Amino acid sequence: MMFRLRLRSVRHKLLLMVLVANFFTLMAAGAALFYHDLMENRTKTAAELTTLAGILGQGSAAALEFDDPKVAHENLAQLRANPDIVAAAIYTATGTLFAQYVDNSGREAAIPAGPEPEGFRFENGGLVAFKHIRIQRTTVGTIYLKERYELATWLRDYLFILGSVLLGSLALGLLISAWLQRWVSGPIQAVSTVAQRVMEQRNYQLRADKTTEDEVGQLADSFNGMLQTLEHEIAERSGAETAVRTLNAELEQRVAGRTTELQIANQTLVTRTEEAETANRAKADFLANMSHEIRTPMNAILGLAYLLDRSQLSADASDLVKKIRGAGRSLQSIINDILDFSKIEAGRLEIEHAPFRLADVLDNLAGIMAANVGDKDLELVIAPLPDIAGQVLGDALRLEQVLINLTGNAIKFTDHGSITVGIQLLSRDEKTVKLRFSVSDSGIGIPLDKQANIFAAFAQADVSTTRRFGGTGLGLTICRHLVAKMNGEIGVSSQPGRGSEFWFTIPFEWSASTDYALPEMASLDVLIADDNDAARENLSLTARSIGWTANQAESGEAAIRKIQGKFDNKNAYDVLLLDWKMPGMDGLAAAAKIRHTFKDATSPIVLMVTAFSRDDLLRQPGIEAVDGVLSKPVTSSTLYNAVSEALHRRGHGSARLAAGPLGRMTQRVEGVRVLVVDDSEINREVAMRILLADGAVVHLANDGQAALDWLQANPEGADIVLMDVQMPLMDGYEATRQLRTMPQFAGLPIVALTAGAFKAQQDAALQAGMNAFVAKPFDVDELMLTIQRLTHFQPRLAEPGQVNLPLPLPLPPAASAALDMPGIAVGKGLHVWRDLAVYRRFLTRFAADYADFGAQLSPQYAADTRAARALVHKLHGAAGNLALTDVARCAAAAEAAGDGVHPGPALVELRAALDTALASIALFTAEKPAAAAAAALQVDAQRVGPLLVALLGALDTDNPDGASQLLEVLAPLLPPDALQALQACITDFDFRKAEAEVRLLAEKFDIGLEAHK
């Protein structure tokens, strides 16, 4: 190829040889890896579907045995949680279709008329599996599953990554070769240049520089010797010219001939030397580069292939999904304690023997513990894993079930203190490893005389335990049987009033494996600040188990002192783990001070560790100083992943927590279909705006009968119903009772909405068949959590660069109070409505609807107290949602009088509150004054000052949405032209100039900003 291309440059020949060798080597490696990953993908998909078929089959065995197709249908209906399952069916042993399931999006999928032999196959973009259902080795039926298998998407992404790596490797090899080839071609070109000059100038005094000791250096020596010889001979010839003039012509001919021969020999030598050096250099380059260049893309491909499945999620969101899926698998396999106990008693409970990572089990356990602890003041601790150097073989789901049962009991019987999960390595040999698991608490403890029977079926430590804490008494006996099935032992040690320790030992087979860590994640220097000694020590052990250096501080102040000491020594910590709620300076205050004090130094990763609500923490002021949040209990993998994600965001220029993927949910009920039933247009509008802002699909109905009609026309149109309890025509109680009589709506979640949070209303809602209770005005976070809980919806976190819907502007308390008017909590109303224009429009509508309401109350109560109370209830809900606090409070007092009772003085207070609110609404919603009048507008410094301070805060964080909302609030309080320059700066994203305009505005109207901070 080099001769066809007529390459005359040694440099080009070297580069071409390296490029061709790299290309074919990388193509061979990439093809082998592609084939391996393709086969592994198909095998893994088939194995997962077969396993799912086996689990569903075991869960439906009893239904087949007792000829109960309803249970089988319910089991198959669980497949809705997996959108990839297109169709499923259960056949009896005779081949008759027993139960079937077809996904909404796959209704065209045909169910086979009869079962096929056990196995699986790929067909028409899907994967089909048949598996026998056996009871004590007797086949009682067959289960059929069909799953979508979209190879094209996987293939496109895989080939894109593989091609990118190949091109990058070739480019890197070419760059390195281009740099290294100068070692060979440079000296040769230097000799060639001198030879050319000798030929052109006939100057035999020139010499070639010798730069190497190899063959090229020898060539330079020989060439210089030749020139020296020629020079000497020419000198002799000149001296003897007068004596040997007759021989001059002959001598010149001989010299010319000799020179020609030398040149030919020299050229031949140069050519052969170039060829030899090219071959030697190519071989050296190949041997030197391939060992590194092949390993690097191979490791990168393996890592990227692993991350590809999680490419649509941030690290924190991926961690949450992993916990949810793990918990889901546990729940799917373990239906309930009773079913497990029945299997144990029947001898049908089997233990799997498959490889798994103990870290995954602990991660799932940590997520479930954090969810179960609720509002209890408990310190949750999971000790780091011992170094097993591999995976264990066993039943991960059953092991997790035992740990969940034990930790659940510990949480249930412990009101305050700590709960610790520990794992110890007792022994290890070439094939087996024996581990001791323990769950310790500081709860009520167990009397000694009760400990002997604590693992017996239906046993409790005390008869009163069931009344106080609930439970079937089966959890511990199931644990005992499961541990025995896994060839282990279980026991307890406890003292009443001091807590308990439940422990069990299990032997596992194990196999070696290797975990790869990113170079930037190795040898990090970590500072841990926590006022709890046990939690602080456990976090230190967890960090050290990853290979990091851990230092401790008992408070926020101590952490700052340690950081200052590091800084004074020209050093810094890489990661800070700060407990949120510490006495004195809490974690958020410490993080803010650290960011401010050391803002010019290398900024460490700051992670907030909390045992309290993550969402509450994310809404706290100053959260922007934090890179991530870790919920207790913290495991090695969750700590590693949180730091890795924070480093990833730093590397891509992402903001910290307040604007990054950890800081905000994308939409908390995204895609959830909600039917809102309320006779008040204002209440419907509030609910709709709140739900739409968090991604829900909202449908509206104005009474119970309209809701029934809509649901019957759209039986699959709603995932949850928000039902007002008091409505004309048909109230929420009656509508719910009728829905519960219809089989298709028996499991539909229904949430009671009412403006009165009375115990009688809650009891009536539960008796009617409602699932939960939410009071009006809405607590948005409580509403979202209720919807998530009842629909089993888990929100994902925003990815880097993802744009979210604007959230309500968190005004400072002073700014919020400055907006308030008599009877109207404007700041609170804006937090709910989020849009000033819409809020004003509905205040105007409220004023029109209730202008004469006060005068009509007394006659209405005299005519029909029940109807009057319903009107007051409606007023209560509307006023609450519009932040008319006094009206809502007085309406609640009047409503509390009950049916058939005249509220008396409460009506007088309600009328006065309503008159005040209507007067304030008229002022708040009035049109802007004319320009002439506005010019003379007296600016209220007490109201404008806090808003200007809040505006400076929004501009300081470069938040255009927050600044724009504040401008809308300021507009009616200032002359019409006062904000034009400021609005222009924000529109141009010139936030520094906008800050200067705010200060000029304060000076113009004589407003002292410092006094309002």
# chains A, B, ... in the order shown; residues from 1 in each chain; ligands from 1

$ residues_around --residues "Leu14 of chain A" --least-positions-apart "3" --cutoff "10 Å" --atoms "only C-alpha atoms" --output "MDAnalysis selection string"
chainID A and resid 9:11 17:19 177:178 180:182 184:185 274:275 277:279 281:282

$ residues_around --residues "Glu231 of chain A" --least-positions-apart "5" --cutoff "10 Å" --atoms "only C-alpha atoms" --output "number ranges by chain"
A: 203-206, 225-226, 236-237

$ closest_residue --among "A:Val609, A:Ala129, A:Leu1000, A:Leu76" --to "Pro117 of chain A" --atoms "only C-alpha atoms"
A:Ala129

$ select_by_dssp --residues "segment 468-503 of chain A" --states "alpha helix (DSSP H)" --output "count of residues only"
13

$ closest_residue --among "A:Ser636, A:Thr212, A:Gln263, A:Thr754" --to "Gln726 of chain A" --atoms "only C-alpha atoms"
A:Thr754

$ residues_around --residues "segment 495-507 of chain A" --least-positions-apart "5" --cutoff "7 Å" --atoms "only C-alpha atoms" --output "MDAnalysis selection string"
chainID A and resid 432:447 486:490
